[in-house]
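Reviewing the structure listed below.
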Amino acid sequence: MRIRHWEIMGKAIAKEKVQHQVAALPFRRTADGDVSVLLVSSRETHRPLIPKGWRMKGKSDRKAAAIEAMEEAGVIGTPSKAPIGSYRYWKRLEDCFTLVDVDVYSLEVTENLADWPERQERQRKWMSREDAAIVVDEPGLAFILQSFRA
């Protein structure tokens with residue numbers, strides 16, 4: 001099958017099926033009973049986002065989301081049984097952009113690790129849901145953050 005594409009800013013936009021990723025929305029309850037969420041920086045552009053990655057063969061999506069949270073953000077917790085929402089974004093690949101749907105699982109954090117696999121590549125920051133919704137680039141993710149109730 002031939003993939004047709006458009007080109008924007010020197011990168012092709014693939015016209016193929018939508019890809020699929022899973023993500024974790026790490027959260028904790030604050031002393032005053034509110035909820036804070038954890039954002040991490042992307043590796044290349046350092047944009048704030050939530051831990052996410054491709055589906056993992058042999059793992060449920062909720063388990064894959066928990067693994068991404070540990071690897072990218074250094075947190076361990078319990079993922080929700082079902083996604084709390086989903087959003088769509090354009091992922092930059094080496095030679096093109098591709099459309100990706102992301103299912104988001106909440107992850108109640110039980111442990112913050114001092115050392116984790118991507119510690120040298122990312123920064124992490126706890127913040128309110130409202131502040132997190134302001135700083136992320138994806139409107140769909142911002143909506144999930146604003147509407148999230150633990």
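So you can find residues: chains in the structure tokens are A, B, ... in the order shown, residues in each start at 1, and ligands are numbered from 1 in order.
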Please tabulate, as JSON lines, the residues of range 59-99 of chain A that come within 8 Å of range 130-147 of chain A, each with its closest pair of atoms and the distance in Å to one decimal, counting only C-alpha atoms and ordering rows by chain, then residue number upward.
{"residue": "A:Ile84", "atom": "CA", "partner": "A:Ile144", "partner_atom": "CA", "distance": 7.8}
{"residue": "A:Gly85", "atom": "CA", "partner": "A:Ile144", "partner_atom": "CA", "distance": 6.4}
{"residue": "A:Ser86", "atom": "CA", "partner": "A:Gly140", "partner_atom": "CA", "distance": 7.3}
{"residue": "A:Tyr87", "atom": "CA", "partner": "A:Gly140", "partner_atom": "CA", "distance": 4.8}
{"residue": "A:Arg88", "atom": "CA", "partner": "A:Gly140", "partner_atom": "CA", "distance": 6.7}
{"residue": "A:Tyr89", "atom": "CA", "partner": "A:Glu138", "partner_atom": "CA", "distance": 6.7}
Output the selection as an mmCIF file, in the first residue's frame - all heavy atoms for each residue.
data_model
loop_
_atom_site.group_PDB
_atom_site.id
_atom_site.type_symbol
_atom_site.label_atom_id
_atom_site.label_comp_id
_atom_site.auth_asym_id
_atom_site.auth_seq_id
_atom_site.Cartn_x
_atom_site.Cartn_y
_atom_site.Cartn_z
ATOM 1 N N ILE A 84 -9.311 7.058 31.803
ATOM 2 C CA ILE A 84 -10.115 8.188 32.298
ATOM 3 C C ILE A 84 -10.422 9.163 31.168
ATOM 4 O O ILE A 84 -11.183 10.098 31.346
ATOM 5 C CB ILE A 84 -9.406 8.913 33.461
ATOM 6 C CG1 ILE A 84 -8.051 9.469 33.010
ATOM 7 C CG2 ILE A 84 -9.286 7.990 34.663
ATOM 8 C CD1 ILE A 84 -7.427 10.449 33.977
ATOM 9 N N GLY A 85 -9.824 8.944 30.020
ATOM 10 C CA GLY A 85 -10.047 9.789 28.853
ATOM 11 C C GLY A 85 -9.039 9.454 27.779
ATOM 12 O O GLY A 85 -8.177 8.587 27.960
ATOM 13 N N SER A 86 -9.151 10.151 26.665
ATOM 14 C CA SER A 86 -8.181 9.978 25.592
ATOM 15 C C SER A 86 -8.023 11.302 24.866
ATOM 16 O O SER A 86 -8.900 12.169 24.937
ATOM 17 C CB SER A 86 -8.611 8.872 24.628
ATOM 18 O OG SER A 86 -9.808 9.226 23.992
ATOM 19 N N TYR A 87 -6.900 11.461 24.191
ATOM 20 C CA TYR A 87 -6.667 12.650 23.388
ATOM 21 C C TYR A 87 -5.861 12.258 22.166
ATOM 22 O O TYR A 87 -5.313 11.166 22.083
ATOM 23 C CB TYR A 87 -5.974 13.754 24.202
ATOM 24 C CG TYR A 87 -4.548 13.473 24.605
ATOM 25 C CD1 TYR A 87 -3.476 13.972 23.862
ATOM 26 C CD2 TYR A 87 -4.253 12.738 25.748
ATOM 27 C CE1 TYR A 87 -2.164 13.718 24.241
ATOM 28 C CE2 TYR A 87 -2.945 12.486 26.133
ATOM 29 C CZ TYR A 87 -1.903 12.987 25.373
ATOM 30 O OH TYR A 87 -0.612 12.741 25.741
ATOM 31 N N ARG A 88 -5.808 13.154 21.210
ATOM 32 C CA ARG A 88 -5.122 12.910 19.941
ATOM 33 C C ARG A 88 -4.062 13.985 19.741
ATOM 34 O O ARG A 88 -4.272 15.146 20.081
ATOM 35 C CB ARG A 88 -6.152 12.959 18.811
ATOM 36 C CG ARG A 88 -5.593 12.685 17.448
ATOM 37 C CD ARG A 88 -6.703 12.587 16.437
ATOM 38 N NE ARG A 88 -7.233 11.224 16.468
ATOM 39 C CZ ARG A 88 -8.090 10.745 15.593
ATOM 40 N NH1 ARG A 88 -8.562 11.512 14.631
ATOM 41 N NH2 ARG A 88 -8.504 9.493 15.673
ATOM 42 N N TYR A 89 -2.903 13.578 19.206
ATOM 43 C CA TYR A 89 -1.852 14.553 18.921
ATOM 44 C C TYR A 89 -1.025 14.092 17.727
ATOM 45 O O TYR A 89 -1.104 12.942 17.310
ATOM 46 C CB TYR A 89 -0.960 14.777 20.158
ATOM 47 C CG TYR A 89 0.092 13.716 20.401
ATOM 48 C CD1 TYR A 89 1.439 13.971 20.129
ATOM 49 C CD2 TYR A 89 -0.237 12.454 20.907
ATOM 50 C CE1 TYR A 89 2.410 13.001 20.357
ATOM 51 C CE2 TYR A 89 0.727 11.492 21.135
ATOM 52 C CZ TYR A 89 2.042 11.769 20.857
ATOM 53 O OH TYR A 89 3.004 10.823 21.065
#
**Item:** From A:Arg43, A:Arg62, A:Arg28, A:Lys91, residue lying nearest Ala150 in chain A [only C-alpha atoms]
**Value:**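 For Ala150 in chain A, the nearest of the candidates is A:Arg28.
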For a quick check of understanding, using only C-alpha atoms, which of A:Ala31, A:Ala73, A:Ala64, A:Ala24 has the smallest distance to Arg122 in chain A?
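Once distances to Arg122 in chain A are computed over only C-alpha atoms, the minimum belongs to A:Ala73.
CA of Val35 in chain A lies 23.9 Å from CA of Asp115 in chain A.
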For this session: Apply DSSP to the backbone of this structure and, from chain A, keep only the residues in strand (DSSP E or B); write these as a VMD selection string.
Result: chain A and resid 4 to 8 11 to 15 19 to 29 35 to 41 48 to 49 52 to 54 75 to 79 85 to 92 96 to 112 124 to 128
Env of Glu108 in chain A: 12 Å cut, atoms = only C-alpha atoms, seq-sep filter 5 positions within chain, self excluded. Answer as number ranges by chain.
A: 24-29, 35-38, 66, 69, 75-81, 149-150
**Message:** When you count only C-alpha atoms, which of these residues is closest to Glu111 in chain A: A:Arg129, A:Val40, A:Cys96, A:Met70?
**Reply:**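 Closest residue, counting only C-alpha atoms: A:Met70.
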| request: Mind listing the helix (DSSP H, G or I) residues of chain A, per DSSP on the backbone, as an MDAnalysis selection string? | output: chainID A and resid 61:73 129:135 139:147
The residue from A:Lys59, A:Glu68, A:Asp101, A:Pro83 with the smallest atom-to-atom distance to Val18 in chain A, counting only C-alpha atoms, is A:Asp101
